[in-house]
file final_35.cif (mmCIF, C-alpha atoms and all ligand atoms)
data_target
loop_
_atom_site.label_atom_id
_atom_site.label_comp_id
_atom_site.auth_asym_id
_atom_site.auth_seq_id
_atom_site.Cartn_x
_atom_site.Cartn_y
_atom_site.Cartn_z
CA MET L 16 0.00 0.00 0.00
CA SER L 17 1.39 3.39 -0.84
CA LEU L 18 1.23 5.88 2.02
CA ALA L 19 0.79 9.62 1.65
CA HIS L 20 3.63 12.00 2.45
CA GLY L 21 3.77 13.13 6.05
CA THR L 22 3.28 9.63 7.49
CA PRO L 23 5.93 8.00 9.71
CA GLU L 24 6.90 5.96 6.64
CA HIS L 25 8.45 9.13 5.25
CA ALA L 26 9.93 10.49 8.49
CA GLY L 27 13.49 11.78 8.17
CA VAL L 28 15.21 13.24 5.14
CA GLN L 29 14.84 11.78 1.68
CA ILE L 30 17.26 12.98 -0.97
CA SER L 31 16.39 11.48 -4.35
CA ASN L 32 18.50 11.83 -7.50
CA VAL L 33 19.63 15.36 -6.68
CA SER L 34 21.88 17.12 -9.20
CA LYS L 35 23.19 20.66 -9.04
CA SER L 36 25.44 22.75 -11.28
CA PHE L 37 26.87 26.22 -10.84
CA GLY L 38 27.97 28.69 -13.51
CA ALA L 39 26.65 30.29 -16.67
CA VAL L 40 25.11 28.35 -19.53
CA GLY L 41 27.94 26.85 -21.58
CA SER L 42 30.41 26.84 -18.68
CA LYS L 43 28.46 25.03 -16.03
CA THR L 44 30.23 22.90 -13.41
CA LEU L 45 28.37 19.87 -12.15
CA VAL L 46 28.77 19.95 -8.37
CA LEU L 47 26.30 17.27 -7.25
CA ASP L 48 25.65 14.35 -9.55
CA ASP L 49 22.58 12.22 -8.92
CA VAL L 50 22.88 12.06 -5.14
CA SER L 51 20.37 9.85 -3.31
CA ILE L 52 20.28 9.05 0.40
CA THR L 53 17.62 8.51 3.04
CA ILE L 54 18.30 9.59 6.61
CA LYS L 55 15.94 7.87 8.98
CA LYS L 56 14.15 9.73 11.75
CA GLY L 57 16.42 10.01 14.78
CA GLU L 58 19.50 8.95 12.83
CA PHE L 59 22.82 10.82 13.10
CA VAL L 60 24.55 10.87 9.73
CA SER L 61 27.84 12.59 8.94
CA VAL L 62 29.11 13.67 5.54
CA ILE L 63 32.84 13.68 4.95
CA GLY L 64 34.82 14.17 1.76
CA PRO L 65 37.46 16.29 0.03
CA SER L 66 37.11 20.04 -0.22
CA GLY L 67 34.73 21.02 -3.01
CA CYS L 68 32.83 17.71 -3.17
CA GLY L 69 29.55 19.50 -2.49
CA LYS L 70 28.96 18.82 1.22
CA SER L 71 27.82 22.37 2.03
CA THR L 72 25.85 22.59 -1.21
CA LEU L 73 23.91 19.47 -0.21
CA LEU L 74 23.30 20.80 3.31
CA LYS L 75 22.16 24.18 2.02
CA MET L 76 19.69 22.49 -0.29
CA ILE L 77 18.09 20.66 2.65
CA ALA L 78 18.04 23.97 4.58
CA GLY L 79 16.15 25.62 1.72
CA LEU L 80 19.08 27.91 0.89
CA GLY L 81 19.54 26.60 -2.64
CA GLU L 82 17.50 24.64 -5.13
CA ALA L 83 18.39 21.42 -6.89
CA ASP L 84 18.44 21.48 -10.70
CA SER L 85 16.77 18.10 -10.63
CA GLY L 86 15.70 15.56 -8.05
CA ASP L 87 13.76 15.86 -4.82
CA VAL L 88 14.47 16.64 -1.19
CA LEU L 89 11.77 15.89 1.37
CA VAL L 90 11.75 16.38 5.15
CA ASP L 91 9.29 14.17 7.00
CA GLY L 92 7.59 13.69 3.65
CA THR L 93 7.00 17.39 3.01
CA SER L 94 8.70 19.76 0.59
CA ILE L 95 11.60 21.92 1.76
CA LYS L 96 9.45 25.01 1.25
CA THR L 97 6.83 23.73 3.71
CA ALA L 98 9.46 22.34 6.07
CA THR L 99 11.31 25.67 6.35
CA LYS L 100 8.04 27.58 6.75
CA ASN L 101 7.09 25.27 9.61
CA LYS L 102 10.56 25.59 11.18
CA MET L 103 11.09 21.84 10.86
CA ILE L 104 14.76 22.39 10.01
CA GLY L 105 17.41 23.80 12.34
CA LEU L 106 20.72 24.98 10.90
CA VAL L 107 23.95 25.40 12.84
CA PRO L 108 26.51 27.23 10.69
CA GLN L 109 30.32 27.09 10.87
CA SER L 110 30.53 30.31 12.86
CA PRO L 111 28.04 30.93 15.70
CA ALA L 112 26.75 34.26 14.26
CA LEU L 113 25.54 35.59 17.63
CA LEU L 114 24.47 39.20 18.06
CA PRO L 115 27.20 40.77 20.22
CA TRP L 116 24.87 43.29 21.87
CA ARG L 117 22.45 40.62 23.08
CA THR L 118 22.94 38.30 26.04
CA VAL L 119 23.14 34.53 25.61
CA LEU L 120 19.50 34.13 26.61
CA ASP L 121 18.37 36.94 24.30
CA ASN L 122 20.28 35.43 21.38
CA VAL L 123 18.47 32.14 21.88
CA THR L 124 15.02 33.67 22.41
CA LEU L 125 15.38 36.05 19.44
CA PRO L 126 14.11 33.61 16.78
CA MET L 127 11.04 33.00 18.96
CA SER L 128 10.21 36.68 19.35
CA VAL L 129 10.98 37.80 15.78
CA ASN L 130 7.80 36.43 14.28
CA ARG L 131 5.34 35.81 17.08
CA LYS L 132 2.40 35.44 14.72
CA ALA L 133 4.06 32.72 12.66
CA ASN L 134 5.15 30.94 15.85
CA ALA L 135 1.68 30.89 17.39
CA GLY L 136 0.60 27.35 18.21
CA ARG L 137 4.07 25.92 17.58
CA THR L 138 5.79 23.78 20.20
CA LEU L 139 8.78 25.71 21.42
CA ARG L 140 11.38 24.43 23.86
CA ASP L 141 12.27 26.31 27.02
CA PRO L 142 15.46 28.24 26.10
CA LYS L 143 16.75 28.27 29.68
CA GLU L 144 16.35 24.50 29.94
CA ILE L 145 18.15 23.92 26.63
CA LEU L 146 20.97 26.30 27.57
CA ALA L 147 21.30 24.52 30.92
CA SER L 148 21.56 21.13 29.20
CA PHE L 149 24.41 22.54 27.12
CA GLY L 150 26.19 23.57 30.35
CA LEU L 151 25.36 27.25 29.87
CA GLY L 152 22.93 27.72 32.75
CA HIS L 153 25.40 30.04 34.50
CA ALA L 154 25.97 32.15 31.37
CA LEU L 155 22.40 33.21 30.51
CA HIS L 156 23.07 36.90 31.09
CA LYS L 157 26.58 37.04 29.67
CA TYR L 158 27.42 38.59 26.30
CA PRO L 159 29.04 36.56 23.49
CA SER L 160 32.38 38.39 23.94
CA GLN L 161 32.52 37.05 27.51
CA LEU L 162 32.35 33.43 26.30
CA SER L 163 34.96 31.09 24.81
CA GLY L 164 34.60 30.04 21.16
CA GLY L 165 33.31 26.62 22.25
CA MET L 166 30.67 28.17 24.50
CA GLN L 167 29.57 30.51 21.70
CA GLN L 168 29.13 27.56 19.38
CA ARG L 169 27.05 25.77 22.04
CA VAL L 170 24.78 28.83 22.20
CA ALA L 171 24.32 28.56 18.41
CA ILE L 172 23.41 24.87 18.76
CA ALA L 173 20.97 25.64 21.59
CA ARG L 174 19.40 28.36 19.42
CA ALA L 175 18.75 25.79 16.68
CA PHE L 176 16.89 23.60 19.19
CA VAL L 177 14.32 26.17 20.43
CA PHE L 178 11.89 25.39 17.62
CA ASP L 179 12.30 21.71 18.37
CA PRO L 180 13.11 21.02 14.70
CA SER L 181 12.70 17.50 13.32
CA VAL L 182 15.97 17.81 11.44
CA LEU L 183 19.17 19.47 12.52
CA LEU L 184 21.78 20.40 9.92
CA MET L 185 25.28 21.19 11.12
CA ASP L 186 28.01 22.50 8.84
CA GLU L 187 31.36 21.88 10.54
CA PRO L 188 30.17 23.55 13.75
CA PHE L 189 33.41 22.87 15.64
CA SER L 190 35.93 23.56 12.87
CA ALA L 191 37.15 26.86 14.37
CA LEU L 192 37.99 25.26 17.73
CA ASP L 193 41.28 23.75 18.87
CA GLU L 194 41.34 19.96 19.15
CA MET L 195 40.83 19.72 22.93
CA ASN L 196 37.97 22.18 22.95
CA ARG L 197 36.56 20.53 19.87
CA ASP L 198 36.53 17.12 21.53
CA GLN L 199 34.81 18.56 24.59
CA GLN L 200 32.11 20.18 22.41
CA ARG L 201 31.51 17.06 20.37
CA LEU L 202 31.09 14.97 23.54
CA GLY L 203 28.67 17.61 24.86
CA LEU L 204 26.67 17.46 21.63
CA LEU L 205 26.69 13.66 21.79
CA ASP L 206 25.31 13.75 25.34
CA PHE L 207 22.55 16.14 24.35
CA TRP L 208 21.70 14.19 21.21
CA GLN L 209 21.56 10.90 23.13
CA SER L 210 18.68 12.28 25.19
CA ASN L 211 17.05 14.21 22.27
CA ARG L 212 17.34 11.86 19.31
CA LYS L 213 16.94 14.28 16.42
CA THR L 214 17.59 13.49 12.81
CA VAL L 215 21.00 15.05 12.19
CA LEU L 216 23.07 15.66 9.08
CA PHE L 217 26.53 16.75 10.16
CA VAL L 218 29.27 17.95 7.80
CA THR L 219 32.82 17.45 9.05
CA HIS L 220 36.43 17.07 7.93
CA SER L 221 37.33 15.07 11.03
CA VAL L 222 37.29 11.26 10.79
CA PRO L 223 37.22 10.66 14.61
CA GLU L 224 34.42 13.21 14.98
CA ALA L 225 32.34 11.51 12.27
CA ILE L 226 32.81 8.09 13.89
CA MET L 227 32.18 9.24 17.46
CA LEU L 228 28.90 10.95 16.60
CA SER L 229 27.35 8.98 13.77
CA ASP L 230 25.18 6.00 12.98
CA ARG L 231 26.36 6.20 9.38
CA ILE L 232 29.07 8.11 7.54
CA ILE L 233 28.58 9.22 3.95
CA VAL L 234 31.92 9.48 2.18
CA MET L 235 31.71 11.76 -0.85
CA GLN L 236 34.01 12.16 -3.82
CA ALA L 237 34.55 15.34 -5.81
CA HIS L 238 34.28 16.55 -9.42
CA PRO L 239 31.44 15.89 -9.56
CA GLY L 240 30.20 15.35 -6.02
CA ARG L 241 28.90 11.83 -5.57
CA ILE L 242 28.41 9.38 -2.74
CA ALA L 243 31.44 7.09 -2.82
CA GLU L 244 30.52 4.89 0.14
CA VAL L 245 28.19 4.75 3.13
CA ILE L 246 29.85 3.29 6.23
CA GLU L 247 27.78 1.95 9.13
CA VAL L 248 29.10 2.87 12.58
CA ASP L 249 27.94 -0.03 14.70
CA LEU L 250 29.56 1.13 17.95
CA PRO L 251 27.15 0.72 20.87
CA ARG L 252 25.42 3.79 22.35
CA PRO L 253 25.57 5.70 24.59
CA ARG L 254 29.17 6.52 23.67
CA ASP L 255 31.75 8.43 25.65
CA ALA L 256 35.45 9.30 25.35
CA ASP L 257 36.50 5.69 26.20
CA VAL L 258 35.24 4.64 22.74
CA TYR L 259 38.26 6.31 21.08
CA ALA L 260 40.57 3.67 22.57
CA THR L 261 38.64 0.60 21.38
CA ASP L 262 39.74 -1.72 18.56
CA GLU L 263 36.34 -1.25 16.89
CA PHE L 264 36.90 2.52 16.75
CA ARG L 265 40.37 2.09 15.28
CA ASP L 266 39.09 -0.39 12.68
CA LEU L 267 36.41 2.06 11.60
CA GLU L 268 38.94 4.88 11.50
CA GLY L 269 41.14 2.79 9.19
CA ARG L 270 38.16 2.04 6.96
CA VAL L 271 37.01 5.65 6.63
CA ARG L 272 40.56 6.90 6.03
CA SER L 273 41.23 4.29 3.36
CA THR L 274 37.94 5.16 1.59
CA LEU L 275 38.92 8.84 1.69
CA HIS L 276 42.37 7.95 0.36
CA ASN L 277 40.82 6.01 -2.55
CA VAL L 278 38.49 8.92 -3.29
CA MET L 279 41.47 11.32 -3.44
CA GLU L 280 43.42 8.90 -5.66
CA VAL L 281 40.52 8.70 -8.11
CA ALA L 282 40.39 12.52 -8.17
CA ARG L 283 44.12 12.68 -9.05
CA VAL L 284 43.90 10.25 -12.00
N1 LIG L 301 26.98 29.78 -5.12
C1 LIG L 301 27.95 29.18 -5.81
N2 LIG L 301 28.30 29.63 -7.02
C2 LIG L 301 29.24 29.01 -7.74
N3 LIG L 301 29.93 27.93 -7.33
C3 LIG L 301 29.63 27.44 -6.12
C4 LIG L 301 28.64 28.05 -5.29
N4 LIG L 301 28.55 27.33 -4.14
C5 LIG L 301 29.46 26.34 -4.25
N5 LIG L 301 30.10 26.40 -5.42
C6 LIG L 301 31.14 25.49 -5.90
O1 LIG L 301 30.64 24.17 -5.71
C7 LIG L 301 31.67 23.29 -5.29
C8 LIG L 301 31.25 22.60 -4.02
O2 LIG L 301 31.22 23.57 -2.97
P1 LIG L 301 30.82 23.18 -1.48
O3 LIG L 301 31.02 24.40 -0.65
O4 LIG L 301 29.51 22.54 -1.46
O5 LIG L 301 31.95 22.10 -1.15
P2 LIG L 301 32.38 21.46 0.23
O6 LIG L 301 32.48 20.00 0.00
O7 LIG L 301 31.45 21.90 1.30
O8 LIG L 301 33.81 22.10 0.41
P3 LIG L 301 34.65 22.44 1.75
O9 LIG L 301 34.97 21.13 2.38
O10 LIG L 301 35.88 23.12 1.22
O11 LIG L 301 33.80 23.33 2.61
C9 LIG L 301 32.93 24.12 -5.16
O12 LIG L 301 33.70 23.97 -6.33
C10 LIG L 301 32.42 25.53 -5.06
O13 LIG L 301 33.34 26.45 -5.59
#
call {"tool": "encode", "arguments": {"input": "final_35.cif", "output": "structure tokens", "more": "lines below"}}
Ligand SMILES: Nc1ncnc2c1ncn2[C@@H]1O[C@H](COP(=O)(O)OP(=O)(O)OP(=O)(O)O)[C@@H](O)[C@H]1O
result
Amino acid sequence: MSLAHGTPEHAGVQISNVSKSFGAVGSKTLVLDDVSITIKKGEFVSVIGPSGCGKSTLLKMIAGLGEADSGDVLVDGTSIKTATKNKMIGLVPQSPALLPWRTVLDNVTLPMSVNRKANAGRTLRDPKEILASFGLGHALHKYPSQLSGGMQQRVAIARAFVFDPSVLLMDEPFSALDEMNRDQQRLGLLDFWQSNRKTVLFVTHSVPEAIMLSDRIIVMQAHPGRIAEVIEVDLPRPRDADVYATDEFRDLEGRVRSTLHNVMEVARV
């Protein structure tokens, strides 16, 4: 029996045969070539691949910030247009983009107050509660300049959660942080995600980060951007820092790195 869109059967993100080119007619560059992937509801999927393989382009398309030339993207069975209108998609960019003259709490409540009419009747999360679960309960009335880079990025993640989106898109949210801080932030995100199982698509350049966080890792290749391999991360959950030292983690790391190596080799030929 075929079920209508919007049923649990279609929950998550469905990317079907998406292609995208940039450039003027006659000198177009194919950036995404027939990309298809389904991310199940509550699944954490990372995308990794060489620079320019189209990771951000794919993410932006799901966020409604760019249109595919062909193919379909659906969120919980609805079009991206409807999904963005209904705030079903949360986006965490590379830089936190906080307003410096607003406190932490005001930065997080801003999206709720900007369009009260459109938000009427929508389930919103308690910003103070979310900030507290990201370890920022003591910083509600501080200004962004009084916070470390890692704390600022946590505010940006908390902000994405206030609308309780069904899908969270993260574009290298920890890339500007040093490795120790980065690890701390990723473990914090993992903790939060483990008790709030959202559908997540997470772009990263870090192999350990992708393994630690994900249920599956999509390895992409460039020119044009395609899915080279999808690697299942069958490490048990909940996960913590001890996972890094396990043989299973190291085996997966070897597998992802060798796939990336092959992808780079193909690009050089
Ligand atoms: N708006 C645009 N106009 C023209 N070309 C674009 C545009 N956006 C992206 N591109 C090109 O598309 C290709 C893929 O870019 P994209 O940012 O998606 O790659 P990426 O995999 O996220 O790269 P990185 O890892 O370096 O962030 C690149 O060659 C880029 O120059």
call {"tool": "residues_around", "arguments": {"input": "final_35.cif", "residues": "L:Arg117", "least_positions_apart": "6", "cutoff": "9 Å", "atoms": "only C-alpha atoms", "output": "JSON, numbers by chain"}}
result
{"L": [156, 157, 158, 159]}
call {"tool": "residues_near_ligand", "arguments": {"input": "final_35.cif", "ligand": "ligand LIG 301 (chain L)", "cutoff": "6 Å", "atoms": "all atoms listed in the file", "output": "PDB file with C-alpha atoms, in the coordinates of the input"}}
result
ATOM      1  CA  PHE L  37      26.870  26.220 -10.840  1.00  0.00           C
ATOM      2  CA  GLY L  38      27.970  28.690 -13.510  1.00  0.00           C
ATOM      3  CA  VAL L  46      28.770  19.950  -8.370  1.00  0.00           C
ATOM      4  CA  PRO L  65      37.460  16.290   0.030  1.00  0.00           C
ATOM      5  CA  SER L  66      37.110  20.040  -0.220  1.00  0.00           C
ATOM      6  CA  GLY L  67      34.730  21.020  -3.010  1.00  0.00           C
ATOM      7  CA  CYS L  68      32.830  17.710  -3.170  1.00  0.00           C
ATOM      8  CA  GLY L  69      29.550  19.500  -2.490  1.00  0.00           C
ATOM      9  CA  LYS L  70      28.960  18.820   1.220  1.00  0.00           C
ATOM     10  CA  SER L  71      27.820  22.370   2.030  1.00  0.00           C
ATOM     11  CA  THR L  72      25.850  22.590  -1.210  1.00  0.00           C
TER      12      THR L  72
END
call {"tool": "closest_residue", "arguments": {"input": "final_35.cif", "among": "L:Gln236, L:Ser85, L:Ser31, L:Ser229", "to": "L:Phe217", "atoms": "only C-alpha atoms"}}
result
L:Ser229
call {"tool": "closest_residue", "arguments": {"input": "final_35.cif", "among": "L:Arg265, L:Arg197, L:Arg254, L:Arg140", "to": "L:Gln168", "atoms": "only C-alpha atoms"}}
result
L:Arg197
call {"tool": "closest_residue", "arguments": {"input": "final_35.cif", "among": "L:Leu146, L:Leu125, L:Leu184, L:Ile246", "to": "L:Leu73", "atoms": "all atoms listed in the file"}}
result
L:Leu184
call {"tool": "residues_near_point", "arguments": {"input": "final_35.cif", "point": "(26.7, 23.1, 8.6)", "cutoff": "9 Å", "atoms": "only C-alpha atoms", "output": "PyMOL selection string"}}
result
chain L and resi 70-71+74-75+106-109+184-188+216-219
call {"tool": "write_last_selection", "arguments": {"input": "final_35.cif", "atoms": "C-alpha atoms", "output": "compact mmCIF listing (two decimals), in the coordinates of the input"}}
result
# COMPACT_ATOMS: atom_id res chain seq x y z
CA LYS L 70 28.96 18.82 1.22
CA SER L 71 27.82 22.37 2.03
CA LEU L 74 23.30 20.80 3.31
CA LYS L 75 22.16 24.18 2.02
CA LEU L 106 20.72 24.98 10.90
CA VAL L 107 23.95 25.40 12.84
CA PRO L 108 26.51 27.23 10.69
CA GLN L 109 30.32 27.09 10.87
CA LEU L 184 21.78 20.40 9.92
CA MET L 185 25.28 21.19 11.12
CA ASP L 186 28.01 22.50 8.84
CA GLU L 187 31.36 21.88 10.54
CA PRO L 188 30.17 23.55 13.75
CA LEU L 216 23.07 15.66 9.08
CA PHE L 217 26.53 16.75 10.16
CA VAL L 218 29.27 17.95 7.80
CA THR L 219 32.82 17.45 9.05
call {"tool": "atom_distance", "arguments": {"input": "final_35.cif", "atom1": "atom CA of L:Met195", "atom2": "atom CA of L:Asp141"}}
result
29.6 Å
call {"tool": "residues_around", "arguments": {"input": "final_35.cif", "residues": "L:Ile232", "least_positions_apart": "2", "cutoff": "6 Å", "atoms": "all atoms listed in the file", "output": "PyMOL selection string"}}
result
chain L and resi 60-62+245-246
call {"tool": "atom_distance", "arguments": {"input": "final_35.cif", "atom1": "atom CA of L:Pro253", "atom2": "atom CA of L:Gln209"}}
result
6.7 Å
call {"tool": "residues_around", "arguments": {"input": "final_35.cif", "residues": "stretch 267-275 of chain L", "least_positions_apart": "4", "cutoff": "7 Å", "atoms": "only C-alpha atoms", "output": "MDAnalysis selection string"}}
result
chainID L and resid 64 222:223 263 279
call {"tool": "atom_distance", "arguments": {"input": "final_35.cif", "atom1": "atom CA of L:Ser160", "atom2": "atom CA of L:Asp193"}}
result
17.9 Å
call {"tool": "closest_residue", "arguments": {"input": "final_35.cif", "among": "L:Gly41, L:Pro180, L:Gly79, L:Gly165", "to": "L:Lys102", "atoms": "only C-alpha atoms"}}
result
L:Pro180
call {"tool": "closest_residue", "arguments": {"input": "final_35.cif", "among": "L:Ala225, L:Ile95, L:Pro111, L:Gly240", "to": "L:Lys35", "atoms": "all atoms listed in the file"}}
result
L:Gly240
call {"tool": "residues_near_point", "arguments": {"input": "final_35.cif", "point": "(16.2, 12.2, 12.9)", "cutoff": "9 Å", "atoms": "all atoms listed in the file", "output": "PyMOL selection string"}}
result
chain L and resi 26-28+54-59+181-183+212-216
call {"tool": "closest_residue", "arguments": {"input": "final_35.cif", "among": "L:Asn211, L:Ser34, L:Ser148, L:Ser163", "to": "L:Ser51", "atoms": "all atoms listed in the file"}}
result
L:Ser34
call {"tool": "build_atoms", "arguments": {"input": "final_35.cif", "residues": "stretch 73-105 of chain L", "atoms": "N, CA and C atoms", "output": "compact mmCIF listing (two decimals), keeping the file's coordinate frame"}}
result
# COMPACT_ATOMS: atom_id res chain seq x y z
N LEU L 73 24.96 20.44 -0.54
CA LEU L 73 23.91 19.47 -0.21
C LEU L 73 23.15 19.93 1.04
N LEU L 74 23.91 20.35 2.05
CA LEU L 74 23.30 20.80 3.31
C LEU L 74 22.41 22.03 3.08
N LYS L 75 22.93 22.96 2.28
CA LYS L 75 22.16 24.18 2.02
C LYS L 75 20.84 23.86 1.31
N MET L 76 20.90 22.87 0.44
CA MET L 76 19.69 22.49 -0.29
C MET L 76 18.62 21.98 0.67
N ILE L 77 19.06 21.19 1.67
CA ILE L 77 18.09 20.66 2.65
C ILE L 77 17.58 21.81 3.53
N ALA L 78 18.44 22.83 3.75
CA ALA L 78 18.04 23.97 4.58
C ALA L 78 17.16 24.95 3.81
N GLY L 79 16.98 24.71 2.53
CA GLY L 79 16.15 25.62 1.72
C GLY L 79 16.93 26.84 1.25
N LEU L 80 18.26 26.76 1.30
CA LEU L 80 19.08 27.91 0.89
C LEU L 80 19.61 27.75 -0.54
N GLY L 81 19.12 26.80 -1.24
CA GLY L 81 19.54 26.60 -2.64
C GLY L 81 18.67 25.50 -3.23
N GLU L 82 18.39 25.63 -4.52
CA GLU L 82 17.50 24.64 -5.13
C GLU L 82 18.25 23.65 -5.99
N ALA L 83 17.79 22.43 -6.01
CA ALA L 83 18.39 21.42 -6.89
C ALA L 83 17.96 21.71 -8.33
N ASP L 84 18.84 21.37 -9.29
CA ASP L 84 18.44 21.48 -10.70
C ASP L 84 17.45 20.37 -11.03
N SER L 85 17.70 19.21 -10.45
CA SER L 85 16.77 18.10 -10.63
C SER L 85 16.81 17.22 -9.39
N GLY L 86 15.79 16.42 -9.23
CA GLY L 86 15.70 15.56 -8.05
C GLY L 86 14.82 16.18 -6.97
N ASP L 87 14.68 15.45 -5.88
CA ASP L 87 13.76 15.86 -4.82
C ASP L 87 14.41 15.78 -3.46
N VAL L 88 14.06 16.73 -2.59
CA VAL L 88 14.47 16.64 -1.19
C VAL L 88 13.20 16.80 -0.36
N LEU L 89 12.95 15.83 0.51
CA LEU L 89 11.77 15.89 1.37
C LEU L 89 12.19 15.75 2.82
N VAL L 90 11.52 16.50 3.70
CA VAL L 90 11.75 16.38 5.15
C VAL L 90 10.44 15.91 5.77
N ASP L 91 10.50 14.79 6.44
CA ASP L 91 9.29 14.17 7.00
C ASP L 91 8.17 14.13 5.94
N GLY L 92 8.56 13.86 4.73
CA GLY L 92 7.59 13.69 3.65
C GLY L 92 7.06 14.98 3.06
N THR L 93 7.51 16.13 3.57
CA THR L 93 7.00 17.39 3.01
C THR L 93 8.12 18.11 2.25
N SER L 94 7.71 19.03 1.39
CA SER L 94 8.70 19.76 0.59
C SER L 94 9.54 20.65 1.49
N ILE L 95 10.71 21.05 0.99
CA ILE L 95 11.60 21.92 1.76
C ILE L 95 10.92 23.25 2.04
N LYS L 96 10.13 23.72 1.07
CA LYS L 96 9.45 25.01 1.25
C LYS L 96 8.54 24.94 2.49
N THR L 97 7.74 23.89 2.56
CA THR L 97 6.83 23.73 3.71
C THR L 97 7.63 23.49 4.99
N ALA L 98 8.67 22.68 4.88
CA ALA L 98 9.46 22.34 6.07
C ALA L 98 10.13 23.58 6.66
N THR L 99 10.65 24.46 5.81
CA THR L 99 11.31 25.67 6.35
C THR L 99 10.25 26.62 6.93
N LYS L 100 9.12 26.71 6.24
CA LYS L 100 8.04 27.58 6.75
C LYS L 100 7.59 27.12 8.13
N ASN L 101 7.53 25.82 8.33
CA ASN L 101 7.09 25.27 9.61
C ASN L 101 8.22 25.08 10.61
N LYS L 102 9.38 25.66 10.29
CA LYS L 102 10.56 25.59 11.18
C LYS L 102 10.90 24.15 11.57
N MET L 103 10.78 23.25 10.59
CA MET L 103 11.09 21.84 10.86
C MET L 103 12.59 21.57 10.76
N ILE L 104 13.34 22.58 10.24
CA ILE L 104 14.76 22.39 10.01
C ILE L 104 15.56 23.40 10.82
N GLY L 105 16.52 22.91 11.59
CA GLY L 105 17.41 23.80 12.34
C GLY L 105 18.79 23.76 11.69
